[in-house]
Amino acid sequence: MPVSATNSQTVYDALKACGIRLLSVLPETWLVHLVSLAEEDPEMVLVRLAKEEEGVGISAGAHLAGMKSAMLMQNHGLLASINGIVSLAQLYRIPLLMVVSHRGGFGEEHPWQTEGGGVTEHVLDALRIPYLTLDAPEHVAARVRQAVVLAESSLRPVALLLCRGLMWED
Amino acid sequence: MLRVDALSAIYPELARSIVVTNMGAAPAELFSLGHQPGFFYLWHSMGLASSVGLGIALSRPELQVVVIDGDGSLLMNLGSLTTMARYRPANLIHIVFDNEVLLSVGRSFTTATATGSDLAAIAAASGIPRTGTLRTEEELQSALKEALVARELSCLVAKVEPQGPASYFFDLHFLESRFQFQRHLRSLISPASPASPTEGDRR
């Protein structure tokens, strides 16, 4: 499978270096290595979801309880989570870190991913959610750290978009 | 059974627990019985009370968490029952007040529990180890006390009348509540706490 194991490890290490100890996730192809790393890590609480919006509630609870967390999901999961993001994470000022695989962009061969790919950044803009792309391994650690710092200083959701150039070995 | 009477009957147990409520009538009625620093009320985010409670329960296994939910709210997030059952935290009790309507919209639109959907059966079939449907304050009180002693993930469905408070507003802004609740949970961290969840907060 051409999902990059090396770059998945880089992303995982960056999340752990920021103190993330709870990951809620709904698996998708680009996230398989990240989910496996969390499964094998005794220091990580992994919460496999039925639907992504649950993860907003779980991260809110984790934050209030003093645990650093992140959501791992596909961009369609971001679309499925919008009410929770707005009416819980934004309303209650929760520093929600969302790590989102940005399917449906340039190079995407699956037709069913392309509509979601086309709207993802516009939706983040409409929600006033700051985001950075992760498209090369060199800047992963710094951008993950910057995202965590901004989420915690602003007490608002922040997104990181996992891009094809980082996650997929064409 | 009226929900406010049911809440009153279990108030001593709630006051000793960390409580997360859904939106609407239940938080206003619980607040009217007496606010505690361990009570957290959702004003919106319909459906997510059980997920918030699960996040707290998994992050802080030493705390006893009770979620107060409703039939309409739970029906919006039924998958949460399967997620709770998958991780089965022993410190989480999910109480669902089932009045069979969407009460807060002003006219009593029925939910699917009015036409036979059985939330306790759905919870049991999801894998929640301890479930029950309770029809009186005494039944609910006993079931909650037994669940607390058993230290087992539980879903207790309390059938209540479709009546609520005169107003859903109460004098605690949700942001005030949010920071107060977070500070309270921080104050409950014991030095021997296994996860040391405050690590990284020093800057």
# chains A, B, ... in the order shown; residues from 1 in each chain; ligands from 1
>>> interface_residues(of="chain B", to="chain A", cutoff="7 Å", atoms="only C-alpha atoms", output="list in words")
His44, Ser45, Leu48, Ser51, Val52, Gly53, Leu54, Gly55, Ile56, Ser59, Arg60, Gly79, Ser80, Thr83, Leu175, Arg178, Gln182, Leu185, Arg186, Pro197, Thr198 and Gly200 of chain B
>>> write_last_selection(atoms="N, CA and C atoms", output="PDB file, in the first residue's frame")
ATOM      1  N   HIS B  44     -26.101  23.479  23.905  1.00  0.00           N
ATOM      2  CA  HIS B  44     -26.362  23.221  22.495  1.00  0.00           C
ATOM      3  C   HIS B  44     -25.685  21.879  22.198  1.00  0.00           C
ATOM      4  N   SER B  45     -25.050  21.730  21.048  1.00  0.00           N
ATOM      5  CA  SER B  45     -24.298  20.500  20.753  1.00  0.00           C
ATOM      6  C   SER B  45     -25.158  19.272  21.016  1.00  0.00           C
ATOM      7  N   LEU B  48     -24.163  15.345  21.961  1.00  0.00           N
ATOM      8  CA  LEU B  48     -22.758  15.106  22.303  1.00  0.00           C
ATOM      9  C   LEU B  48     -22.482  14.952  23.800  1.00  0.00           C
ATOM     10  N   SER B  51     -20.647  11.799  24.507  1.00  0.00           N
ATOM     11  CA  SER B  51     -19.266  11.816  24.008  1.00  0.00           C
ATOM     12  C   SER B  51     -18.365  12.646  24.928  1.00  0.00           C
ATOM     13  N   VAL B  52     -18.882  13.766  25.424  1.00  0.00           N
ATOM     14  CA  VAL B  52     -18.107  14.576  26.369  1.00  0.00           C
ATOM     15  C   VAL B  52     -17.838  13.756  27.632  1.00  0.00           C
ATOM     16  N   GLY B  53     -18.856  13.082  28.116  1.00  0.00           N
ATOM     17  CA  GLY B  53     -18.681  12.244  29.313  1.00  0.00           C
ATOM     18  C   GLY B  53     -17.684  11.134  29.083  1.00  0.00           C
ATOM     19  N   LEU B  54     -17.717  10.543  27.893  1.00  0.00           N
ATOM     20  CA  LEU B  54     -16.749   9.483  27.568  1.00  0.00           C
ATOM     21  C   LEU B  54     -15.328  10.037  27.543  1.00  0.00           C
ATOM     22  N   GLY B  55     -15.168  11.235  26.979  1.00  0.00           N
ATOM     23  CA  GLY B  55     -13.830  11.853  26.939  1.00  0.00           C
ATOM     24  C   GLY B  55     -13.284  12.093  28.340  1.00  0.00           C
ATOM     25  N   ILE B  56     -14.146  12.534  29.247  1.00  0.00           N
ATOM     26  CA  ILE B  56     -13.708  12.751  30.633  1.00  0.00           C
ATOM     27  C   ILE B  56     -13.395  11.408  31.297  1.00  0.00           C
ATOM     28  N   SER B  59     -10.156   9.979  30.110  1.00  0.00           N
ATOM     29  CA  SER B  59      -8.995  10.793  30.491  1.00  0.00           C
ATOM     30  C   SER B  59      -8.698  10.707  31.976  1.00  0.00           C
ATOM     31  N   ARG B  60      -9.738  10.485  32.776  1.00  0.00           N
ATOM     32  CA  ARG B  60      -9.571  10.518  34.240  1.00  0.00           C
ATOM     33  C   ARG B  60     -10.296   9.322  34.860  1.00  0.00           C
ATOM     34  N   GLY B  79     -24.596   6.122  17.681  1.00  0.00           N
ATOM     35  CA  GLY B  79     -23.289   5.484  17.544  1.00  0.00           C
ATOM     36  C   GLY B  79     -22.459   5.604  18.808  1.00  0.00           C
ATOM     37  N   SER B  80     -22.726   6.653  19.601  1.00  0.00           N
ATOM     38  CA  SER B  80     -21.999   6.841  20.860  1.00  0.00           C
ATOM     39  C   SER B  80     -22.179   5.651  21.791  1.00  0.00           C
ATOM     40  N   THR B  83     -19.613   3.212  20.825  1.00  0.00           N
ATOM     41  CA  THR B  83     -18.255   3.640  21.193  1.00  0.00           C
ATOM     42  C   THR B  83     -18.041   3.471  22.700  1.00  0.00           C
ATOM     43  N   LEU B 175     -19.789  29.853  29.310  1.00  0.00           N
ATOM     44  CA  LEU B 175     -18.330  29.968  29.390  1.00  0.00           C
ATOM     45  C   LEU B 175     -17.862  30.002  30.843  1.00  0.00           C
ATOM     46  N   ARG B 178     -17.951  26.501  31.892  1.00  0.00           N
ATOM     47  CA  ARG B 178     -16.877  25.729  31.264  1.00  0.00           C
ATOM     48  C   ARG B 178     -15.551  25.904  32.007  1.00  0.00           C
ATOM     49  N   GLN B 182     -13.627  23.099  34.371  1.00  0.00           N
ATOM     50  CA  GLN B 182     -12.250  22.689  34.069  1.00  0.00           C
ATOM     51  C   GLN B 182     -11.341  22.890  35.286  1.00  0.00           C
ATOM     52  N   LEU B 185     -12.047  20.169  37.836  1.00  0.00           N
ATOM     53  CA  LEU B 185     -11.429  18.875  37.493  1.00  0.00           C
ATOM     54  C   LEU B 185      -9.927  18.911  37.742  1.00  0.00           C
ATOM     55  N   ARG B 186      -9.308  20.068  37.480  1.00  0.00           N
ATOM     56  CA  ARG B 186      -7.867  20.200  37.732  1.00  0.00           C
ATOM     57  C   ARG B 186      -7.587  20.079  39.228  1.00  0.00           C
ATOM     58  N   PRO B 197      -2.165  14.311  33.730  1.00  0.00           N
ATOM     59  CA  PRO B 197      -2.648  15.038  32.562  1.00  0.00           C
ATOM     60  C   PRO B 197      -2.294  16.523  32.512  1.00  0.00           C
ATOM     61  N   THR B 198      -1.716  17.064  33.574  1.00  0.00           N
ATOM     62  CA  THR B 198      -1.357  18.490  33.478  1.00  0.00           C
ATOM     63  C   THR B 198      -0.012  18.688  32.807  1.00  0.00           C
ATOM     64  N   GLY B 200       2.761  19.435  30.405  1.00  0.00           N
ATOM     65  CA  GLY B 200       2.689  20.207  29.174  1.00  0.00           C
ATOM     66  C   GLY B 200       1.915  21.505  29.340  1.00  0.00           C
TER      67      GLY B 200
END
>>> residues_around(residues="region 156-168 of chain A", least_positions_apart="2", cutoff="8 Å", atoms="only C-alpha atoms", output="PDB file with N, CA and C atoms, in the first residue's frame")
ATOM      1  N   PRO A   2       0.629   2.147  -0.929  1.00  0.00           N
ATOM      2  CA  PRO A   2       1.558   3.294  -1.033  1.00  0.00           C
ATOM      3  C   PRO A   2       1.295   4.428  -0.048  1.00  0.00           C
ATOM      4  N   VAL A   3       0.672   4.122   1.092  1.00  0.00           N
ATOM      5  CA  VAL A   3       0.597   5.149   2.135  1.00  0.00           C
ATOM      6  C   VAL A   3       1.976   5.220   2.788  1.00  0.00           C
ATOM      7  N   SER A   4       2.515   6.403   2.959  1.00  0.00           N
ATOM      8  CA  SER A   4       3.880   6.541   3.466  1.00  0.00           C
ATOM      9  C   SER A   4       3.969   6.203   4.952  1.00  0.00           C
ATOM     10  N   ASN A   7       6.413   8.883   6.658  1.00  0.00           N
ATOM     11  CA  ASN A   7       5.833  10.190   6.968  1.00  0.00           C
ATOM     12  C   ASN A   7       4.701  10.086   7.984  1.00  0.00           C
ATOM     13  N   SER A   8       4.014   8.938   7.995  1.00  0.00           N
ATOM     14  CA  SER A   8       3.011   8.731   9.047  1.00  0.00           C
ATOM     15  C   SER A   8       3.692   8.744  10.415  1.00  0.00           C
ATOM     16  N   TRP A  30      -5.538   6.751   4.133  1.00  0.00           N
ATOM     17  CA  TRP A  30      -4.314   7.487   4.419  1.00  0.00           C
ATOM     18  C   TRP A  30      -3.918   7.434   5.898  1.00  0.00           C
ATOM     19  N   ILE A  85     -18.450  20.961  15.885  1.00  0.00           N
ATOM     20  CA  ILE A  85     -17.359  21.945  15.879  1.00  0.00           C
ATOM     21  C   ILE A  85     -17.892  23.325  16.247  1.00  0.00           C
ATOM     22  N   ALA A  89     -17.198  22.974  20.142  1.00  0.00           N
ATOM     23  CA  ALA A  89     -15.796  23.413  20.206  1.00  0.00           C
ATOM     24  C   ALA A  89     -15.671  24.932  20.103  1.00  0.00           C
ATOM     25  N   GLN A  90     -16.429  25.543  19.199  1.00  0.00           N
ATOM     26  CA  GLN A  90     -16.312  27.002  19.065  1.00  0.00           C
ATOM     27  C   GLN A  90     -17.093  27.718  20.162  1.00  0.00           C
ATOM     28  N   ARG A  93     -15.262  27.314  23.431  1.00  0.00           N
ATOM     29  CA  ARG A  93     -13.839  27.663  23.382  1.00  0.00           C
ATOM     30  C   ARG A  93     -12.948  26.469  23.759  1.00  0.00           C
ATOM     31  N   ILE A  94     -13.048  25.427  22.937  1.00  0.00           N
ATOM     32  CA  ILE A  94     -12.245  24.220  23.131  1.00  0.00           C
ATOM     33  C   ILE A  94     -11.094  24.232  22.126  1.00  0.00           C
ATOM     34  N   PRO A  95      -9.860  24.046  22.563  1.00  0.00           N
ATOM     35  CA  PRO A  95      -8.721  24.013  21.635  1.00  0.00           C
ATOM     36  C   PRO A  95      -8.657  22.673  20.898  1.00  0.00           C
ATOM     37  N   LEU A  96      -9.486  22.549  19.893  1.00  0.00           N
ATOM     38  CA  LEU A  96      -9.670  21.269  19.199  1.00  0.00           C
ATOM     39  C   LEU A  96      -8.666  21.147  18.051  1.00  0.00           C
ATOM     40  N   LEU A  97      -7.760  20.183  18.163  1.00  0.00           N
ATOM     41  CA  LEU A  97      -6.802  19.941  17.077  1.00  0.00           C
ATOM     42  C   LEU A  97      -7.370  18.870  16.150  1.00  0.00           C
ATOM     43  N   MET A  98      -7.567  19.248  14.887  1.00  0.00           N
ATOM     44  CA  MET A  98      -8.121  18.314  13.904  1.00  0.00           C
ATOM     45  C   MET A  98      -7.060  18.018  12.850  1.00  0.00           C
ATOM     46  N   VAL A  99      -6.691  16.763  12.730  1.00  0.00           N
ATOM     47  CA  VAL A  99      -5.727  16.327  11.724  1.00  0.00           C
ATOM     48  C   VAL A  99      -6.528  15.607  10.643  1.00  0.00           C
ATOM     49  N   VAL A 100      -6.584  16.212   9.474  1.00  0.00           N
ATOM     50  CA  VAL A 100      -7.572  15.835   8.461  1.00  0.00           C
ATOM     51  C   VAL A 100      -6.876  15.387   7.179  1.00  0.00           C
ATOM     52  N   SER A 101      -7.154  14.178   6.738  1.00  0.00           N
ATOM     53  CA  SER A 101      -6.585  13.772   5.443  1.00  0.00           C
ATOM     54  C   SER A 101      -7.367  14.461   4.330  1.00  0.00           C
ATOM     55  N   HIS A 102      -6.627  15.177   3.512  1.00  0.00           N
ATOM     56  CA  HIS A 102      -7.239  16.034   2.496  1.00  0.00           C
ATOM     57  C   HIS A 102      -7.361  15.260   1.192  1.00  0.00           C
ATOM     58  N   ARG A 103      -8.360  14.399   1.173  1.00  0.00           N
ATOM     59  CA  ARG A 103      -8.596  13.611  -0.035  1.00  0.00           C
ATOM     60  C   ARG A 103      -9.266  14.472  -1.091  1.00  0.00           C
ATOM     61  N   GLY A 105      -7.887  16.032  -3.777  1.00  0.00           N
ATOM     62  CA  GLY A 105      -7.149  17.141  -4.386  1.00  0.00           C
ATOM     63  C   GLY A 105      -6.419  16.688  -5.650  1.00  0.00           C
ATOM     64  N   GLY A 107      -4.240  14.924  -8.179  1.00  0.00           N
ATOM     65  CA  GLY A 107      -3.714  13.567  -8.184  1.00  0.00           C
ATOM     66  C   GLY A 107      -4.700  12.531  -7.684  1.00  0.00           C
ATOM     67  N   ILE A 129     -11.765  28.676  10.772  1.00  0.00           N
ATOM     68  CA  ILE A 129     -10.811  27.777  11.413  1.00  0.00           C
ATOM     69  C   ILE A 129      -9.459  27.923  10.723  1.00  0.00           C
ATOM     70  N   PRO A 130      -8.433  28.351  11.452  1.00  0.00           N
ATOM     71  CA  PRO A 130      -7.108  28.444  10.840  1.00  0.00           C
ATOM     72  C   PRO A 130      -6.574  27.051  10.504  1.00  0.00           C
ATOM     73  N   TYR A 131      -5.873  26.946   9.377  1.00  0.00           N
ATOM     74  CA  TYR A 131      -5.319  25.642   9.022  1.00  0.00           C
ATOM     75  C   TYR A 131      -3.997  25.799   8.286  1.00  0.00           C
ATOM     76  N   LEU A 132      -3.188  24.775   8.396  1.00  0.00           N
ATOM     77  CA  LEU A 132      -1.953  24.672   7.630  1.00  0.00           C
ATOM     78  C   LEU A 132      -1.971  23.327   6.916  1.00  0.00           C
ATOM     79  N   THR A 133      -1.271  23.272   5.781  1.00  0.00           N
ATOM     80  CA  THR A 133      -1.134  22.000   5.081  1.00  0.00           C
ATOM     81  C   THR A 133       0.148  21.314   5.537  1.00  0.00           C
ATOM     82  N   LEU A 134       0.089  19.995   5.608  1.00  0.00           N
ATOM     83  CA  LEU A 134       1.295  19.192   5.831  1.00  0.00           C
ATOM     84  C   LEU A 134       1.546  18.461   4.515  1.00  0.00           C
ATOM     85  N   ASP A 135       2.495  18.965   3.713  1.00  0.00           N
ATOM     86  CA  ASP A 135       2.707  18.373   2.396  1.00  0.00           C
ATOM     87  C   ASP A 135       4.153  17.937   2.165  1.00  0.00           C
ATOM     88  N   ALA A 136       5.002  18.118   3.164  1.00  0.00           N
ATOM     89  CA  ALA A 136       6.381  17.636   3.062  1.00  0.00           C
ATOM     90  C   ALA A 136       6.896  17.353   4.469  1.00  0.00           C
ATOM     91  N   PRO A 137       7.713  16.305   4.639  1.00  0.00           N
ATOM     92  CA  PRO A 137       8.084  15.892   5.998  1.00  0.00           C
ATOM     93  C   PRO A 137       8.907  16.940   6.756  1.00  0.00           C
ATOM     94  N   VAL A 144       2.933  21.113  13.266  1.00  0.00           N
ATOM     95  CA  VAL A 144       2.102  20.474  14.296  1.00  0.00           C
ATOM     96  C   VAL A 144       2.237  21.249  15.601  1.00  0.00           C
ATOM     97  N   ALA A 147       0.377  24.495  15.403  1.00  0.00           N
ATOM     98  CA  ALA A 147      -1.073  24.294  15.465  1.00  0.00           C
ATOM     99  C   ALA A 147      -1.525  24.082  16.907  1.00  0.00           C
ATOM    100  N   VAL A 148      -0.779  23.268  17.649  1.00  0.00           N
ATOM    101  CA  VAL A 148      -1.141  23.008  19.040  1.00  0.00           C
ATOM    102  C   VAL A 148      -1.049  24.296  19.861  1.00  0.00           C
ATOM    103  N   LEU A 150      -1.313  27.414  18.793  1.00  0.00           N
ATOM    104  CA  LEU A 150      -2.387  28.354  18.445  1.00  0.00           C
ATOM    105  C   LEU A 150      -3.726  27.890  19.004  1.00  0.00           C
ATOM    106  N   ALA A 151      -3.998  26.590  18.917  1.00  0.00           N
ATOM    107  CA  ALA A 151      -5.265  26.086  19.461  1.00  0.00           C
ATOM    108  C   ALA A 151      -5.360  26.414  20.951  1.00  0.00           C
ATOM    109  N   GLU A 152      -4.255  26.229  21.666  1.00  0.00           N
ATOM    110  CA  GLU A 152      -4.299  26.427  23.113  1.00  0.00           C
ATOM    111  C   GLU A 152      -4.300  27.907  23.490  1.00  0.00           C
ATOM    112  N   SER A 154      -5.571  30.381  21.536  1.00  0.00           N
ATOM    113  CA  SER A 154      -6.829  30.978  21.079  1.00  0.00           C
ATOM    114  C   SER A 154      -8.051  30.287  21.677  1.00  0.00           C
ATOM    115  N   ASP A 170       3.149   7.974  -4.765  1.00  0.00           N
ATOM    116  CA  ASP A 170       2.654   7.663  -6.113  1.00  0.00           C
ATOM    117  C   ASP A 170       3.717   6.913  -6.915  1.00  0.00           C
TER     118      ASP A 170
END
>>> select_by_dssp(residues="region 32-124 of chain A", states="helix (DSSP H, G or I)", output="PyMOL selection string")
chain A and resi 32-39+53-64+75-80+82-90+111-124
>>> residues_around(residues="Ile68 (chain B)", least_positions_apart="3", cutoff="9 Å", atoms="only C-alpha atoms", output="list in words")
Val19, Val20, Thr21, Asn22, Ala26, Pro27, Ala49, Ser50, Ile93, His94, Ile95, Val96 and Phe97 of chain B
>>> write_last_selection(atoms="N, CA and C atoms", output="tab-separated table (two decimals), in the first residue's frame")
chain	number	residue	atom	x	y	z
B	19	VAL	N	-20.74	15.43	36.53
B	19	VAL	CA	-21.98	15.30	35.77
B	19	VAL	C	-21.92	16.15	34.50
B	20	VAL	N	-22.25	15.54	33.37
B	20	VAL	CA	-22.38	16.26	32.11
B	20	VAL	C	-23.82	16.10	31.64
B	21	THR	N	-24.49	17.23	31.37
B	21	THR	CA	-25.89	17.13	30.93
B	21	THR	C	-26.03	17.47	29.44
B	22	ASN	N	-27.12	17.01	28.87
B	22	ASN	CA	-27.51	17.45	27.54
B	22	ASN	C	-28.12	18.85	27.66
B	26	ALA	N	-33.31	19.36	31.21
B	26	ALA	CA	-32.58	18.69	32.29
B	26	ALA	C	-31.56	19.61	32.97
B	27	PRO	N	-30.74	20.35	32.20
B	27	PRO	CA	-29.78	21.22	32.89
B	27	PRO	C	-30.46	22.30	33.73
B	49	ALA	N	-23.51	15.00	24.65
B	49	ALA	CA	-23.24	14.88	26.09
B	49	ALA	C	-22.55	13.56	26.42
B	50	SER	N	-23.01	12.47	25.80
B	50	SER	CA	-22.39	11.18	26.11
B	50	SER	C	-20.94	11.13	25.62
B	93	ILE	N	-21.57	6.35	33.89
B	93	ILE	CA	-22.99	5.96	33.95
B	93	ILE	C	-23.78	6.95	33.11
B	94	HIS	N	-24.58	6.40	32.21
B	94	HIS	CA	-25.34	7.20	31.24
B	94	HIS	C	-26.81	7.11	31.63
B	95	ILE	N	-27.38	8.22	32.10
B	95	ILE	CA	-28.80	8.26	32.44
B	95	ILE	C	-29.54	8.98	31.32
B	96	VAL	N	-30.55	8.33	30.78
B	96	VAL	CA	-31.32	8.92	29.68
B	96	VAL	C	-32.74	9.16	30.17
B	97	PHE	N	-33.13	10.44	30.23
B	97	PHE	CA	-34.53	10.76	30.55
B	97	PHE	C	-35.33	10.72	29.26
>>> residues_around(residues="Arg107 (chain B)", least_positions_apart="6", cutoff="12 Å", atoms="only C-alpha atoms", output="number ranges by chain")
B: 101, 162-163
>>> residues_around(residues="Ser36 (chain A)", least_positions_apart="6", cutoff="12 Å", atoms="only C-alpha atoms", output="VMD selection string")
chain A and resid 5 8 to 9 12 23 25 27 to 30 42 44 46 48
>>> decode(residues="region 88-114 of chain A", atoms="N, CA and C atoms", output="PDB file, in the first residue's frame")
ATOM      1  N   LEU A  88     -20.170  23.140  19.914  1.00  0.00           N
ATOM      2  CA  LEU A  88     -19.434  22.722  21.119  1.00  0.00           C
ATOM      3  C   LEU A  88     -18.032  23.340  21.126  1.00  0.00           C
ATOM      4  N   ALA A  89     -17.198  22.974  20.142  1.00  0.00           N
ATOM      5  CA  ALA A  89     -15.796  23.413  20.206  1.00  0.00           C
ATOM      6  C   ALA A  89     -15.671  24.932  20.103  1.00  0.00           C
ATOM      7  N   GLN A  90     -16.429  25.543  19.199  1.00  0.00           N
ATOM      8  CA  GLN A  90     -16.312  27.002  19.065  1.00  0.00           C
ATOM      9  C   GLN A  90     -17.093  27.718  20.162  1.00  0.00           C
ATOM     10  N   LEU A  91     -18.321  27.264  20.427  1.00  0.00           N
ATOM     11  CA  LEU A  91     -19.148  27.939  21.438  1.00  0.00           C
ATOM     12  C   LEU A  91     -18.482  27.885  22.813  1.00  0.00           C
ATOM     13  N   TYR A  92     -17.896  26.747  23.138  1.00  0.00           N
ATOM     14  CA  TYR A  92     -17.322  26.534  24.470  1.00  0.00           C
ATOM     15  C   TYR A  92     -15.821  26.779  24.529  1.00  0.00           C
ATOM     16  N   ARG A  93     -15.262  27.314  23.431  1.00  0.00           N
ATOM     17  CA  ARG A  93     -13.839  27.663  23.382  1.00  0.00           C
ATOM     18  C   ARG A  93     -12.948  26.469  23.759  1.00  0.00           C
ATOM     19  N   ILE A  94     -13.048  25.427  22.937  1.00  0.00           N
ATOM     20  CA  ILE A  94     -12.245  24.220  23.131  1.00  0.00           C
ATOM     21  C   ILE A  94     -11.094  24.232  22.126  1.00  0.00           C
ATOM     22  N   PRO A  95      -9.860  24.046  22.563  1.00  0.00           N
ATOM     23  CA  PRO A  95      -8.721  24.013  21.635  1.00  0.00           C
ATOM     24  C   PRO A  95      -8.657  22.673  20.898  1.00  0.00           C
ATOM     25  N   LEU A  96      -9.486  22.549  19.893  1.00  0.00           N
ATOM     26  CA  LEU A  96      -9.670  21.269  19.199  1.00  0.00           C
ATOM     27  C   LEU A  96      -8.666  21.147  18.051  1.00  0.00           C
ATOM     28  N   LEU A  97      -7.760  20.183  18.163  1.00  0.00           N
ATOM     29  CA  LEU A  97      -6.802  19.941  17.077  1.00  0.00           C
ATOM     30  C   LEU A  97      -7.370  18.870  16.150  1.00  0.00           C
ATOM     31  N   MET A  98      -7.567  19.248  14.887  1.00  0.00           N
ATOM     32  CA  MET A  98      -8.121  18.314  13.904  1.00  0.00           C
ATOM     33  C   MET A  98      -7.060  18.018  12.850  1.00  0.00           C
ATOM     34  N   VAL A  99      -6.691  16.763  12.730  1.00  0.00           N
ATOM     35  CA  VAL A  99      -5.727  16.327  11.724  1.00  0.00           C
ATOM     36  C   VAL A  99      -6.528  15.607  10.643  1.00  0.00           C
ATOM     37  N   VAL A 100      -6.584  16.212   9.474  1.00  0.00           N
ATOM     38  CA  VAL A 100      -7.572  15.835   8.461  1.00  0.00           C
ATOM     39  C   VAL A 100      -6.876  15.387   7.179  1.00  0.00           C
ATOM     40  N   SER A 101      -7.154  14.178   6.738  1.00  0.00           N
ATOM     41  CA  SER A 101      -6.585  13.772   5.443  1.00  0.00           C
ATOM     42  C   SER A 101      -7.367  14.461   4.330  1.00  0.00           C
ATOM     43  N   HIS A 102      -6.627  15.177   3.512  1.00  0.00           N
ATOM     44  CA  HIS A 102      -7.239  16.034   2.496  1.00  0.00           C
ATOM     45  C   HIS A 102      -7.361  15.260   1.192  1.00  0.00           C
ATOM     46  N   ARG A 103      -8.360  14.399   1.173  1.00  0.00           N
ATOM     47  CA  ARG A 103      -8.596  13.611  -0.035  1.00  0.00           C
ATOM     48  C   ARG A 103      -9.266  14.472  -1.091  1.00  0.00           C
ATOM     49  N   GLY A 104      -9.137  14.027  -2.333  1.00  0.00           N
ATOM     50  CA  GLY A 104      -9.869  14.696  -3.406  1.00  0.00           C
ATOM     51  C   GLY A 104      -9.188  15.904  -4.012  1.00  0.00           C
ATOM     52  N   GLY A 105      -7.887  16.032  -3.777  1.00  0.00           N
ATOM     53  CA  GLY A 105      -7.149  17.141  -4.386  1.00  0.00           C
ATOM     54  C   GLY A 105      -6.419  16.688  -5.650  1.00  0.00           C
ATOM     55  N   PHE A 106      -5.419  17.467  -6.061  1.00  0.00           N
ATOM     56  CA  PHE A 106      -4.655  17.134  -7.262  1.00  0.00           C
ATOM     57  C   PHE A 106      -4.063  15.731  -7.133  1.00  0.00           C
ATOM     58  N   GLY A 107      -4.240  14.924  -8.179  1.00  0.00           N
ATOM     59  CA  GLY A 107      -3.714  13.567  -8.184  1.00  0.00           C
ATOM     60  C   GLY A 107      -4.700  12.531  -7.684  1.00  0.00           C
ATOM     61  N   GLU A 108      -5.848  12.973  -7.162  1.00  0.00           N
ATOM     62  CA  GLU A 108      -6.835  12.033  -6.624  1.00  0.00           C
ATOM     63  C   GLU A 108      -7.455  11.207  -7.755  1.00  0.00           C
ATOM     64  N   GLU A 109      -7.357   9.895  -7.642  1.00  0.00           N
ATOM     65  CA  GLU A 109      -7.878   9.036  -8.708  1.00  0.00           C
ATOM     66  C   GLU A 109      -9.295   8.549  -8.423  1.00  0.00           C
ATOM     67  N   HIS A 110      -9.785   8.724  -7.200  1.00  0.00           N
ATOM     68  CA  HIS A 110     -11.124   8.235  -6.841  1.00  0.00           C
ATOM     69  C   HIS A 110     -12.154   9.335  -7.055  1.00  0.00           C
ATOM     70  N   PRO A 111     -13.060   9.136  -8.027  1.00  0.00           N
ATOM     71  CA  PRO A 111     -14.012  10.213  -8.344  1.00  0.00           C
ATOM     72  C   PRO A 111     -14.854  10.643  -7.147  1.00  0.00           C
ATOM     73  N   TRP A 112     -15.179   9.689  -6.250  1.00  0.00           N
ATOM     74  CA  TRP A 112     -16.086  10.000  -5.143  1.00  0.00           C
ATOM     75  C   TRP A 112     -15.444  10.886  -4.082  1.00  0.00           C
ATOM     76  N   GLN A 113     -14.127  11.047  -4.154  1.00  0.00           N
ATOM     77  CA  GLN A 113     -13.472  11.930  -3.174  1.00  0.00           C
ATOM     78  C   GLN A 113     -13.426  13.387  -3.628  1.00  0.00           C
ATOM     79  N   THR A 114     -13.715  13.630  -4.911  1.00  0.00           N
ATOM     80  CA  THR A 114     -13.340  14.937  -5.454  1.00  0.00           C
ATOM     81  C   THR A 114     -14.237  16.086  -4.984  1.00  0.00           C
TER      82      THR A 114
END
